[in-house]
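One file, data_9.txt, is given below (compact mmCIF, C-alpha atoms (C1' of nucleotides)).
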```txt
# COMPACT_ATOMS: atom_id res chain seq x y z
CA MET N 1 10.16 9.28 5.53
CA ASP N 2 12.91 8.01 3.24
CA ARG N 3 11.02 4.77 2.83
CA ILE N 4 7.71 6.50 2.10
CA PHE N 5 9.09 8.62 -0.73
CA SER N 6 11.31 5.93 -2.13
CA ALA N 7 8.33 3.55 -2.17
CA LEU N 8 6.35 6.14 -4.13
CA ALA N 9 9.21 6.61 -6.59
CA ASP N 10 8.05 3.71 -8.74
CA ARG N 11 5.16 3.76 -11.16
CA THR N 12 4.07 0.20 -10.44
CA ARG N 13 4.04 0.81 -6.70
CA ARG N 14 2.11 4.05 -7.08
CA ASP N 15 -0.47 2.14 -9.11
CA ILE N 16 -0.69 -0.55 -6.43
CA VAL N 17 -1.32 2.16 -3.85
CA ARG N 18 -4.01 3.69 -6.04
CA ARG N 19 -5.72 0.36 -6.65
CA THR N 20 -5.68 -0.70 -3.03
CA LEU N 21 -7.13 2.64 -2.02
CA VAL N 22 -10.01 2.09 -4.41
CA GLY N 23 -10.60 -1.27 -2.77
CA GLU N 24 -8.81 -4.24 -1.26
CA ALA N 25 -7.00 -6.58 -3.62
CA THR N 26 -5.15 -9.84 -3.20
CA VAL N 27 -1.53 -10.14 -4.17
CA SER N 28 -2.56 -12.41 -7.04
CA GLN N 29 -5.05 -9.91 -8.37
CA LEU N 30 -2.40 -7.22 -8.29
CA ALA N 31 0.18 -9.51 -9.90
CA GLY N 32 -2.21 -10.17 -12.77
CA SER N 33 -2.30 -6.48 -13.62
CA TYR N 34 1.35 -5.92 -14.35
CA ASP N 35 3.74 -7.32 -16.89
CA MET N 36 6.14 -8.90 -14.46
CA SER N 37 6.44 -12.01 -12.34
CA PHE N 38 4.31 -12.71 -9.31
CA ALA N 39 7.39 -12.50 -7.10
CA ALA N 40 8.27 -9.05 -8.45
CA VAL N 41 4.82 -7.70 -7.60
CA GLN N 42 5.02 -9.38 -4.24
CA LYS N 43 8.28 -7.56 -3.55
CA HIS N 44 6.69 -4.26 -4.54
CA VAL N 45 3.90 -4.93 -2.07
CA ALA N 46 6.49 -5.75 0.59
CA VAL N 47 8.23 -2.43 -0.04
CA LEU N 48 4.92 -0.59 0.25
CA GLU N 49 4.12 -2.48 3.44
CA GLY N 50 7.55 -1.60 4.86
CA ALA N 51 6.81 2.05 4.16
CA GLY N 52 3.38 1.77 5.78
CA LEU N 53 1.64 2.69 2.55
CA VAL N 54 -0.37 -0.54 2.51
CA THR N 55 -1.29 -3.14 5.07
CA LYS N 56 -1.80 -6.87 4.50
CA HIS N 57 -4.59 -8.82 6.10
CA PRO N 58 -4.65 -12.62 5.97
CA HIS N 59 -7.92 -14.01 4.66
CA GLY N 60 -7.71 -17.72 4.20
CA ARG N 61 -4.87 -18.47 1.85
CA GLU N 62 -5.05 -14.98 0.43
CA ARG N 63 -3.63 -11.72 1.70
CA LEU N 64 -5.84 -8.72 1.26
CA VAL N 65 -3.82 -5.59 0.55
CA ARG N 66 -5.26 -2.27 1.66
CA GLY N 67 -3.94 1.19 0.91
CA ASN N 68 -3.21 3.22 4.03
CA PRO N 69 -4.24 6.88 3.73
CA GLU N 70 -2.60 7.65 7.08
CA THR N 71 0.89 7.29 5.65
CA ILE N 72 -0.02 9.23 2.55
CA ARG N 73 -0.97 12.08 4.83
CA ARG N 74 2.45 11.93 6.45
CA ALA N 75 4.04 12.59 3.07
CA GLN N 76 1.53 15.33 2.37
CA THR N 77 2.38 16.99 5.66
CA LEU N 78 6.03 17.20 4.71
CA LEU N 79 5.24 18.69 1.31
CA ASP N 80 2.83 21.10 2.97
CA ARG N 81 5.62 22.28 5.26
CA PHE N 82 7.79 22.93 2.22
CA GLU N 83 5.10 24.96 0.58
CA GLN N 84 4.51 26.84 3.81
CA ILE N 85 8.20 27.76 3.94
CA TRP N 86 7.86 29.22 0.48
CA ALA N 87 4.66 31.06 1.38
CA ASP N 88 6.31 32.51 4.49
CA ARG N 89 9.22 33.69 2.41
CA MET N 90 6.89 35.37 -0.03
CA ASP N 91 5.09 37.03 2.87
CA ARG N 92 8.35 38.36 4.24
CA LEU N 93 9.28 39.69 0.82
CA ASP N 94 5.91 41.38 0.57
CA ALA N 95 6.37 42.93 4.00
CA LEU N 96 9.81 44.09 3.02
CA LEU N 97 8.49 45.82 -0.05
CA ALA N 98 5.56 47.28 1.83
CA ASP N 99 7.60 49.16 4.44
CA ASP N 100 11.24 49.95 4.94
CA THR N 101 11.84 48.61 8.42
CA PRO N 102 15.16 46.82 8.46
CA PRO N 103 14.93 43.03 8.11
CA PRO N 104 15.55 40.91 11.20
CA PRO N 105 19.08 39.55 11.65
CA HIS N 106 19.72 36.36 9.75
CA PRO N 107 21.30 33.82 12.12
CA ASP N 108 23.33 31.16 10.39
CA GLU N 109 22.44 27.57 11.10
CA MET V 1 7.13 11.72 -11.18
CA ASP V 2 9.52 8.87 -10.43
CA ARG V 3 12.36 11.36 -10.31
CA ILE V 4 10.49 13.75 -8.02
CA PHE V 5 9.71 11.15 -5.40
CA SER V 6 13.04 9.42 -5.64
CA ALA V 7 14.78 12.80 -5.23
CA LEU V 8 12.73 13.40 -2.08
CA ALA V 9 13.60 9.96 -0.71
CA ASP V 10 16.85 11.21 0.82
CA ARG V 11 17.16 13.20 4.02
CA THR V 12 20.03 15.36 2.75
CA ARG V 13 18.17 16.24 -0.42
CA ARG V 14 14.99 17.08 1.47
CA ASP V 15 17.03 19.39 3.65
CA ILE V 16 18.57 21.05 0.60
CA VAL V 17 15.07 21.63 -0.77
CA ARG V 18 13.98 23.11 2.54
CA ARG V 19 16.99 25.40 2.76
CA THR V 20 16.74 26.63 -0.79
CA LEU V 21 13.06 27.36 -0.28
CA VAL V 22 13.93 29.53 2.71
CA GLY V 23 16.38 31.39 0.51
CA GLU V 24 18.89 30.94 -2.27
CA ALA V 25 22.16 29.24 -1.41
CA THR V 26 25.31 28.53 -3.34
CA VAL V 27 26.50 24.97 -3.82
CA SER V 28 29.43 25.73 -1.53
CA GLN V 29 27.19 27.02 1.24
CA LEU V 30 25.11 23.89 1.01
CA ALA V 31 28.18 21.67 0.95
CA GLY V 32 29.42 23.27 4.15
CA SER V 33 26.27 22.15 5.96
CA TYR V 34 26.61 18.43 5.51
CA ASP V 35 29.14 15.90 6.63
CA MET V 36 30.15 14.75 3.17
CA SER V 37 32.35 15.88 0.31
CA PHE V 38 31.59 18.86 -1.88
CA ALA V 39 31.14 16.53 -4.86
CA ALA V 40 28.56 14.45 -2.99
CA VAL V 41 26.46 17.52 -2.21
CA GLN V 42 26.89 18.68 -5.77
CA LYS V 43 25.50 15.37 -7.01
CA HIS V 44 22.53 15.72 -4.68
CA VAL V 45 21.87 19.16 -6.11
CA ALA V 46 22.13 17.70 -9.60
CA VAL V 47 19.55 15.04 -8.74
CA LEU V 48 17.21 17.71 -7.36
CA GLU V 49 17.73 19.81 -10.45
CA GLY V 50 16.99 16.81 -12.68
CA ALA V 51 13.73 16.34 -10.80
CA GLY V 52 12.89 20.02 -11.15
CA LEU V 53 12.85 20.51 -7.38
CA VAL V 54 15.53 23.20 -7.55
CA THR V 55 16.90 25.46 -10.26
CA LYS V 56 20.45 26.74 -10.58
CA HIS V 57 21.26 30.29 -11.58
CA PRO V 58 24.82 31.30 -12.49
CA HIS V 59 26.02 34.31 -10.56
CA GLY V 60 29.65 34.95 -11.27
CA ARG V 61 31.59 31.86 -10.41
CA GLU V 62 28.84 30.74 -8.08
CA ARG V 63 25.59 28.92 -8.77
CA LEU V 64 22.63 30.09 -6.78
CA VAL V 65 20.33 27.20 -5.98
CA ARG V 66 16.63 27.95 -5.57
CA GLY V 67 13.92 25.62 -4.41
CA ASN V 68 11.08 25.25 -6.90
CA PRO V 69 7.63 25.15 -5.28
CA GLU V 70 6.04 24.37 -8.64
CA THR V 71 7.42 20.84 -8.66
CA ILE V 72 6.55 20.32 -5.03
CA ARG V 73 2.97 21.07 -5.96
CA ARG V 74 3.12 18.39 -8.63
CA ALA V 75 3.92 15.81 -5.98
CA GLN V 76 1.22 17.22 -3.73
CA THR V 77 -1.32 16.90 -6.53
CA LEU V 78 -0.60 13.21 -6.86
CA LEU V 79 -0.93 12.59 -3.13
CA ASP V 80 -4.12 14.66 -3.13
CA ARG V 81 -5.53 12.39 -5.82
CA PHE V 82 -4.75 9.38 -3.66
CA GLU V 83 -6.49 10.88 -0.69
CA GLN V 84 -9.44 11.81 -2.85
CA ILE V 85 -9.75 8.21 -4.00
CA TRP V 86 -9.95 7.18 -0.38
CA ALA V 87 -12.45 9.91 0.46
CA ASP V 88 -14.64 8.89 -2.48
CA ARG V 89 -14.57 5.31 -1.31
CA MET V 90 -15.60 6.36 2.19
CA ASP V 91 -18.42 8.41 0.71
CA ARG V 92 -19.66 5.44 -1.24
CA LEU V 93 -19.56 3.31 1.88
CA ASP V 94 -21.48 5.95 3.79
CA ALA V 95 -24.08 6.12 1.06
CA LEU V 96 -24.45 2.36 1.19
CA LEU V 97 -24.97 2.32 4.93
CA ALA V 98 -27.33 5.25 4.81
CA ASP V 99 -29.30 3.51 2.09
CA ASP V 100 -32.77 3.60 3.62
CA THR V 101 -32.58 6.44 6.09
CA PRO V 102 -35.39 8.93 5.35
CA PRO V 103 -33.90 12.32 4.36
CA PRO V 104 -30.26 11.96 3.30
CA PRO V 105 -29.04 15.53 2.91
CA HIS V 106 -25.45 15.78 1.76
CA PRO V 107 -23.22 15.39 4.83
CA ASP V 108 -20.72 18.03 3.76
CA GLU V 109 -21.24 21.21 1.78
C1' DC Z 1 -6.34 -37.59 0.58
C1' DT Z 2 -4.66 -35.28 -3.54
C1' DA Z 3 -4.22 -31.66 -6.45
C1' DA Z 4 -4.40 -26.95 -7.49
C1' DC Z 5 -3.69 -22.42 -5.78
C1' DC Z 6 -1.85 -18.36 -3.07
C1' DT Z 7 1.86 -16.67 -0.82
C1' DA Z 8 6.55 -16.39 1.07
C1' DC Z 9 11.38 -16.54 0.64
C1' DA Z 10 16.14 -17.42 -1.02
C1' DA Z 11 19.68 -17.02 -4.49
C1' DC Z 12 21.17 -14.76 -8.31
C1' DC Z 13 22.01 -10.85 -11.70
C1' DA Z 14 22.21 -6.20 -13.96
C1' DA Z 15 21.59 -1.55 -13.19
C1' DA Z 16 21.10 2.41 -10.30
C1' DT Z 17 22.51 4.95 -6.07
C1' DG Z 18 25.44 7.40 -2.80
C1' DG Z 19 29.60 8.04 -1.56
C1' DT Z 20 34.79 8.81 -2.54
C1' DT Z 21 39.13 11.01 -4.94
C1' DG Z 22 41.36 13.54 -8.44
C1' DG Z 23 41.58 16.55 -12.25
C1' DA Z 24 39.72 20.28 -15.50
C1' DT Z 25 37.62 24.77 -16.16
C1' DA Z 26 36.09 29.31 -15.07
C1' DT Z 27 35.79 33.36 -12.26
C1' DG Z 28 37.49 36.81 -8.62
C1' DA Z 29 41.15 38.80 -5.98
C1' DA Z 30 46.04 40.52 -5.31
C1' DT A 1 49.72 37.46 -14.36
C1' DT A 2 49.27 34.54 -10.50
C1' DC A 3 46.72 32.43 -6.89
C1' DA A 4 42.73 30.99 -4.59
C1' DT A 5 37.88 29.84 -5.01
C1' DA A 6 33.59 27.66 -7.07
C1' DT A 7 31.95 24.42 -9.85
C1' DC A 8 31.84 20.45 -12.78
C1' DC A 9 33.00 15.89 -14.30
C1' DA A 10 34.96 11.21 -14.64
C1' DA A 11 36.41 7.00 -12.60
C1' DC A 12 35.90 3.98 -9.00
C1' DC A 13 33.70 1.31 -5.12
C1' DA A 14 30.09 -0.68 -1.98
C1' DT A 15 25.36 -1.10 -1.35
C1' DT A 16 20.64 -1.09 -2.79
C1' DT A 17 17.12 -1.93 -6.11
C1' DG A 18 14.16 -4.26 -9.42
C1' DG A 19 13.83 -7.97 -11.81
C1' DT A 20 14.30 -13.21 -12.53
C1' DT A 21 13.79 -18.43 -11.27
C1' DG A 22 13.10 -21.99 -8.14
C1' DT A 23 11.56 -24.00 -3.86
C1' DA A 24 8.63 -24.60 0.10
C1' DG A 25 4.47 -24.08 3.14
C1' DG A 26 -0.33 -23.30 4.08
C1' DT A 27 -5.29 -23.39 2.32
C1' DT A 28 -9.09 -24.59 -0.48
C1' DA A 29 -11.44 -27.63 -4.01
C1' DG A 30 -12.60 -32.16 -5.79
```
What does the file become when written as structure tokens?
Amino acid sequence: MDRIFSALADRTRRDIVRRTLVGEATVSQLAGSYDMSFAAVQKHVAVLEGAGLVTKHPHGRERLVRGNPETIRRAQTLLDRFEQIWADRMDRLDALLADDTPPPPHPDE
Amino acid sequence: MDRIFSALADRTRRDIVRRTLVGEATVSQLAGSYDMSFAAVQKHVAVLEGAGLVTKHPHGRERLVRGNPETIRRAQTLLDRFEQIWADRMDRLDALLADDTPPPPHPDE
DNA sequence: CTAACCTACAACCAAATGGTTGGATATGAA
DNA sequence: TTCATATCCAACCATTTGGTTGTAGGTTAG
């Protein structure tokens, strides 16, 4: 999970994910889109691949890079859990305000 | 956006977000939960605050830390866009394959 | 075959990150 | 007031990160 979020914490890498979700692209095509060296873009792709956000598929001398929606869903699931925690808390607060039964004991972690 | 994802790219910080979504906690309470110095936890909280993932509210000599679901939703929105891009692409592929089938009623909705 | 092209990888560098310790400041308790 | 507590901040250190250049290997074009 660390690697997924840290891979997404870079504008260039997020754009690579977006582009490769729209459609496959070679490393060269990606490199041409950003104002940095080929090797720099290649390293970004490697980071994304390490996080499972893209996959590379050899095609002759090229490598086709594809965005991987599966891994994006893994990040979404975590954020969804966070939001659910908040929603649950709001529900409990609502319940508390709606009736005056004592709250359940609060065990420390 | 960089700061949001990079703040979430750390297990300790994700746990702080989770805990402060469940309920407010002081910096000291948080610090007691992790195997690192008070200052280290404090820096994590500062990073989360800089990303807008938590807010701090002075309460006497303590600072109550609250998770901020608003910012979590911002990250969700970006991931949702990514997934939508993928879904759109799949739809286009479906349309292409269904090209000359007689009555093509919309699959969903 | 030769040349051009696409990719991979290593070495290097500056800046950011995640941790530490120690000290300063502010508030609460005795 | 005095003491303990809660927080903040600065300096320092090791590691990681994001970029560079250069080199080397595999693949396609001529």
Can you tell me which residues surround Z:DA16 at a distance of at most 12 Å, considering only C-alpha atoms (C1' of nucleotides), apart from same-chain residues fewer than 2 positions away, and format the answer as a list in words?
Ser6 of chain V; DA14 and DG18 of chain Z; DT15, DT16, DT17 and DG18 of chain A
Residue contacts of stretch 2-9 of chain Z (10 Å, all atoms listed in the file) excluding same-chain residues fewer than 2 positions away, as a ChimeraX atom specification
/N:26-28,38-39,42,60-63 /Z:11 /A:23-30
Would you mind listing what lies within 6 Å of N:Phe5 as a tab-separated table (two decimals) with C-alpha atoms, in the coordinates of the input, with only C-alpha atoms (C1' of nucleotides) counted and same-chain residues fewer than 2 positions away left out?
```tsv
chain	number	residue	atom	x	y	z
N	2	ASP	CA	12.91	8.01	3.24
N	3	ARG	CA	11.02	4.77	2.83
N	7	ALA	CA	8.33	3.55	-2.17
N	8	LEU	CA	6.35	6.14	-4.13
V	5	PHE	CA	9.71	11.15	-5.40
V	9	ALA	CA	13.60	9.96	-0.71
```
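With atom CA of N:Ala31 on one side and atom CA of N:Ile4 on the other, the separation reads 21.4 Å.
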Produce the least-squares-superposed copy of chain N, fitted on chain V over all in-order C-alpha pairs, as a PDB file with C-alpha atoms, in the coordinates of the input.
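Saved result, out-v6.pdb, follows:
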```pdb
ATOM      1  CA  MET N   1       4.960  13.828 -10.045  1.00  0.00           C
ATOM      2  CA  ASP N   2       7.053  10.669  -9.799  1.00  0.00           C
ATOM      3  CA  ARG N   3      10.180  12.777  -9.904  1.00  0.00           C
ATOM      4  CA  ILE N   4       8.935  15.207  -7.253  1.00  0.00           C
ATOM      5  CA  PHE N   5       8.182  12.507  -4.693  1.00  0.00           C
ATOM      6  CA  SER N   6      11.196  10.412  -5.499  1.00  0.00           C
ATOM      7  CA  ALA N   7      13.395  13.505  -5.123  1.00  0.00           C
ATOM      8  CA  LEU N   8      11.873  14.109  -1.689  1.00  0.00           C
ATOM      9  CA  ALA N   9      12.455  10.489  -0.685  1.00  0.00           C
ATOM     10  CA  ASP N  10      15.995  11.209   0.466  1.00  0.00           C
ATOM     11  CA  ARG N  11      16.980  12.894   3.691  1.00  0.00           C
ATOM     12  CA  THR N  12      19.921  14.765   2.197  1.00  0.00           C
ATOM     13  CA  ARG N  13      17.804  16.125  -0.637  1.00  0.00           C
ATOM     14  CA  ARG N  14      15.032  17.180   1.723  1.00  0.00           C
ATOM     15  CA  ASP N  15      17.632  19.066   3.749  1.00  0.00           C
ATOM     16  CA  ILE N  16      18.958  20.752   0.608  1.00  0.00           C
ATOM     17  CA  VAL N  17      15.423  21.854  -0.218  1.00  0.00           C
ATOM     18  CA  ARG N  18      14.965  23.194   3.299  1.00  0.00           C
ATOM     19  CA  ARG N  19      18.257  25.078   3.249  1.00  0.00           C
ATOM     20  CA  THR N  20      17.707  26.612  -0.153  1.00  0.00           C
ATOM     21  CA  LEU N  21      14.260  27.748   0.899  1.00  0.00           C
ATOM     22  CA  VAL N  22      15.777  29.537   3.866  1.00  0.00           C
ATOM     23  CA  GLY N  23      18.149  31.274   1.481  1.00  0.00           C
ATOM     24  CA  GLU N  24      20.205  30.734  -1.647  1.00  0.00           C
ATOM     25  CA  ALA N  25      23.305  28.583  -1.357  1.00  0.00           C
ATOM     26  CA  THR N  26      26.079  27.620  -3.723  1.00  0.00           C
ATOM     27  CA  VAL N  27      26.733  24.013  -4.559  1.00  0.00           C
ATOM     28  CA  SER N  28      30.001  24.231  -2.630  1.00  0.00           C
ATOM     29  CA  GLN N  29      28.301  25.555   0.465  1.00  0.00           C
ATOM     30  CA  LEU N  30      25.807  22.724   0.313  1.00  0.00           C
ATOM     31  CA  ALA N  31      28.543  20.153  -0.319  1.00  0.00           C
ATOM     32  CA  GLY N  32      30.357  21.332   2.796  1.00  0.00           C
ATOM     33  CA  SER N  33      27.360  20.460   4.942  1.00  0.00           C
ATOM     34  CA  TYR N  34      27.132  16.772   4.224  1.00  0.00           C
ATOM     35  CA  ASP N  35      29.449  13.866   4.777  1.00  0.00           C
ATOM     36  CA  MET N  36      29.854  12.889   1.166  1.00  0.00           C
ATOM     37  CA  SER N  37      31.792  13.960  -1.893  1.00  0.00           C
ATOM     38  CA  PHE N  38      31.177  17.176  -3.760  1.00  0.00           C
ATOM     39  CA  ALA N  39      30.042  15.194  -6.793  1.00  0.00           C
ATOM     40  CA  ALA N  40      27.466  13.290  -4.735  1.00  0.00           C
ATOM     41  CA  VAL N  41      25.907  16.518  -3.471  1.00  0.00           C
ATOM     42  CA  GLN N  42      26.029  17.913  -6.962  1.00  0.00           C
ATOM     43  CA  LYS N  43      24.066  14.910  -8.205  1.00  0.00           C
ATOM     44  CA  HIS N  44      21.491  15.411  -5.463  1.00  0.00           C
ATOM     45  CA  VAL N  45      21.087  19.006  -6.581  1.00  0.00           C
ATOM     46  CA  ALA N  46      20.703  17.816 -10.172  1.00  0.00           C
ATOM     47  CA  VAL N  47      17.939  15.431  -9.117  1.00  0.00           C
ATOM     48  CA  LEU N  48      16.168  18.233  -7.263  1.00  0.00           C
ATOM     49  CA  GLU N  49      16.558  20.506 -10.275  1.00  0.00           C
ATOM     50  CA  GLY N  50      15.142  17.789 -12.549  1.00  0.00           C
ATOM     51  CA  ALA N  51      12.123  17.571 -10.269  1.00  0.00           C
ATOM     52  CA  GLY N  52      11.724  21.354 -10.270  1.00  0.00           C
ATOM     53  CA  LEU N  53      12.248  21.536  -6.528  1.00  0.00           C
ATOM     54  CA  VAL N  54      15.213  23.894  -6.884  1.00  0.00           C
ATOM     55  CA  THR N  55      16.512  26.154  -9.597  1.00  0.00           C
ATOM     56  CA  LYS N  56      20.142  27.032 -10.337  1.00  0.00           C
ATOM     57  CA  HIS N  57      21.264  30.510 -11.227  1.00  0.00           C
ATOM     58  CA  PRO N  58      24.771  31.160 -12.545  1.00  0.00           C
ATOM     59  CA  HIS N  59      26.603  33.861 -10.624  1.00  0.00           C
ATOM     60  CA  GLY N  60      30.164  34.125 -11.749  1.00  0.00           C
ATOM     61  CA  ARG N  61      31.809  30.772 -11.293  1.00  0.00           C
ATOM     62  CA  GLU N  62      29.232  29.797  -8.716  1.00  0.00           C
ATOM     63  CA  ARG N  63      25.730  28.442  -9.114  1.00  0.00           C
ATOM     64  CA  LEU N  64      23.203  29.768  -6.679  1.00  0.00           C
ATOM     65  CA  VAL N  65      20.643  27.130  -5.748  1.00  0.00           C
ATOM     66  CA  ARG N  66      17.172  28.299  -4.790  1.00  0.00           C
ATOM     67  CA  GLY N  67      14.333  26.225  -3.407  1.00  0.00           C
ATOM     68  CA  ASN N  68      11.181  26.416  -5.508  1.00  0.00           C
ATOM     69  CA  PRO N  69       7.987  26.613  -3.432  1.00  0.00           C
ATOM     70  CA  GLU N  70       5.878  26.280  -6.585  1.00  0.00           C
ATOM     71  CA  THR N  71       6.779  22.625  -7.011  1.00  0.00           C
ATOM     72  CA  ILE N  72       6.317  21.930  -3.335  1.00  0.00           C
ATOM     73  CA  ARG N  73       2.782  23.184  -3.726  1.00  0.00           C
ATOM     74  CA  ARG N  74       2.219  20.728  -6.554  1.00  0.00           C
ATOM     75  CA  ALA N  75       3.021  17.874  -4.186  1.00  0.00           C
ATOM     76  CA  GLN N  76       0.840  19.418  -1.510  1.00  0.00           C
ATOM     77  CA  THR N  77      -2.048  19.628  -3.943  1.00  0.00           C
ATOM     78  CA  LEU N  78      -1.866  15.914  -4.613  1.00  0.00           C
ATOM     79  CA  LEU N  79      -1.794  15.072  -0.913  1.00  0.00           C
ATOM     80  CA  ASP N  80      -4.661  17.487  -0.349  1.00  0.00           C
ATOM     81  CA  ARG N  81      -6.708  15.634  -2.956  1.00  0.00           C
ATOM     82  CA  PHE N  82      -6.043  12.387  -1.116  1.00  0.00           C
ATOM     83  CA  GLU N  83      -7.185  13.853   2.139  1.00  0.00           C
ATOM     84  CA  GLN N  84     -10.238  15.309   0.445  1.00  0.00           C
ATOM     85  CA  ILE N  85     -11.153  11.854  -0.861  1.00  0.00           C
ATOM     86  CA  TRP N  86     -11.032  10.586   2.688  1.00  0.00           C
ATOM     87  CA  ALA N  87     -13.059  13.523   3.993  1.00  0.00           C
ATOM     88  CA  ASP N  88     -15.686  12.973   1.292  1.00  0.00           C
ATOM     89  CA  ARG N  89     -15.908   9.333   2.233  1.00  0.00           C
ATOM     90  CA  MET N  90     -16.400  10.225   5.862  1.00  0.00           C
ATOM     91  CA  ASP N  91     -19.108  12.690   4.863  1.00  0.00           C
ATOM     92  CA  ARG N  92     -20.910  10.031   2.874  1.00  0.00           C
ATOM     93  CA  LEU N  93     -20.696   7.648   5.807  1.00  0.00           C
ATOM     94  CA  ASP N  94     -22.105  10.323   8.073  1.00  0.00           C
ATOM     95  CA  ALA N  95     -24.949  10.959   5.647  1.00  0.00           C
ATOM     96  CA  LEU N  96     -25.616   7.264   5.452  1.00  0.00           C
ATOM     97  CA  LEU N  97     -25.897   6.988   9.194  1.00  0.00           C
ATOM     98  CA  ALA N  98     -27.989  10.121   9.434  1.00  0.00           C
ATOM     99  CA  ASP N  99     -30.801   8.953   7.145  1.00  0.00           C
ATOM    100  CA  ASP N 100     -31.752   5.707   5.507  1.00  0.00           C
ATOM    101  CA  THR N 101     -31.992   6.727   1.878  1.00  0.00           C
ATOM    102  CA  PRO N 102     -30.404   4.033  -0.233  1.00  0.00           C
ATOM    103  CA  PRO N 103     -26.813   4.752  -1.294  1.00  0.00           C
ATOM    104  CA  PRO N 104     -26.181   5.737  -4.908  1.00  0.00           C
ATOM    105  CA  PRO N 105     -25.157   2.937  -7.280  1.00  0.00           C
ATOM    106  CA  HIS N 106     -21.469   2.169  -7.201  1.00  0.00           C
ATOM    107  CA  PRO N 107     -20.162   2.077 -10.785  1.00  0.00           C
ATOM    108  CA  ASP N 108     -17.036   0.023 -11.229  1.00  0.00           C
ATOM    109  CA  GLU N 109     -14.065   1.713 -12.809  1.00  0.00           C
TER     110      GLU N 109
END
```
In Å, rounded to a single decimal, give me how far atom CA of V:Ala46 is from atom CA of V:Phe82.
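Interatomic distance here is 28.8 Å.
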Select all residues near (44.3, 15.8, -15.4) (cut-off 12 Å, inclusive, file coordinates), counting all atoms listed in the file, and output them as a PDB file with C-alpha atoms (C1' of nucleotides), in the frame of the given file.
```pdb
ATOM      1  C1'  DG Z  22      41.360  13.540  -8.440  1.00  0.00           C
ATOM      2  C1'  DG Z  23      41.580  16.550 -12.250  1.00  0.00           C
ATOM      3  C1'  DA Z  24      39.720  20.280 -15.500  1.00  0.00           C
ATOM      4  C1'  DT Z  25      37.620  24.770 -16.160  1.00  0.00           C
TER       5       DT Z  25
ATOM      6  C1'  DC A   9      33.000  15.890 -14.300  1.00  0.00           C
ATOM      7  C1'  DA A  10      34.960  11.210 -14.640  1.00  0.00           C
TER       8       DA A  10
END
```
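For the atom pair formed by atom CA of N:Leu97 and atom CA of V:Leu53, the distance is 26.7 Å, given to one decimal.
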Shell around V:Val17 at 7 Å using only C-alpha atoms (C1' of nucleotides), local window under 3 positions removed, as an NGL selection string:
:V and (13-14 or 20-21 or 54 or 67)
Considering all atoms listed in the file, can you say which of V:Met1, V:Arg19, V:Ser33, V:Ala40 comes closest to chain A?
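Looking only at the distances to chain A, the closest residue turns out to be V:Ala40.
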Using all atoms listed in the file, what table do you get, as JSON lines, when you list each residue of chain Z with an atom no more than 9 Å from chain V, its nearest pair of atoms, and their distance in Å rounded to one decimal, rows by chain then rising number?
```
{"residue": "Z:DG18", "atom": "C1'", "partner": "V:Ala40", "partner_atom": "CA", "distance": 7.7}
{"residue": "Z:DG19", "atom": "C1'", "partner": "V:Ala40", "partner_atom": "CA", "distance": 6.6}
{"residue": "Z:DT20", "atom": "C1'", "partner": "V:Ser37", "partner_atom": "CA", "distance": 8.0}
{"residue": "Z:DA26", "atom": "C1'", "partner": "V:Arg61", "partner_atom": "CA", "distance": 7.0}
{"residue": "Z:DT27", "atom": "C1'", "partner": "V:Arg61", "partner_atom": "CA", "distance": 4.8}
{"residue": "Z:DG28", "atom": "C1'", "partner": "V:Arg61", "partner_atom": "CA", "distance": 7.9}
```
May I ask you to extract the residues of chain A within 10 Å of chain V, using all atoms listed in the file, and to give them as a list in words?
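Here is what falls inside 10 Å: DT5, DA6, DT7, DC8 and DC9 of chain A.
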Kindly provide, as JSON, the centre and edge lengths (Å, one decimal) of an axis-aligned box around all atoms of stretch 37-42 of chain V given in the file, with 3 Å on each side.
```
{"center_x": 29.4, "center_y": 16.7, "center_z": -2.7, "size_x": 11.9, "size_y": 10.4, "size_z": 12.1}
```
Find, counting all atoms listed in the file, the residue in N:Ala98, N:Leu93, N:Val41, N:Val22 that gets nearest to chain V.
N:Val22
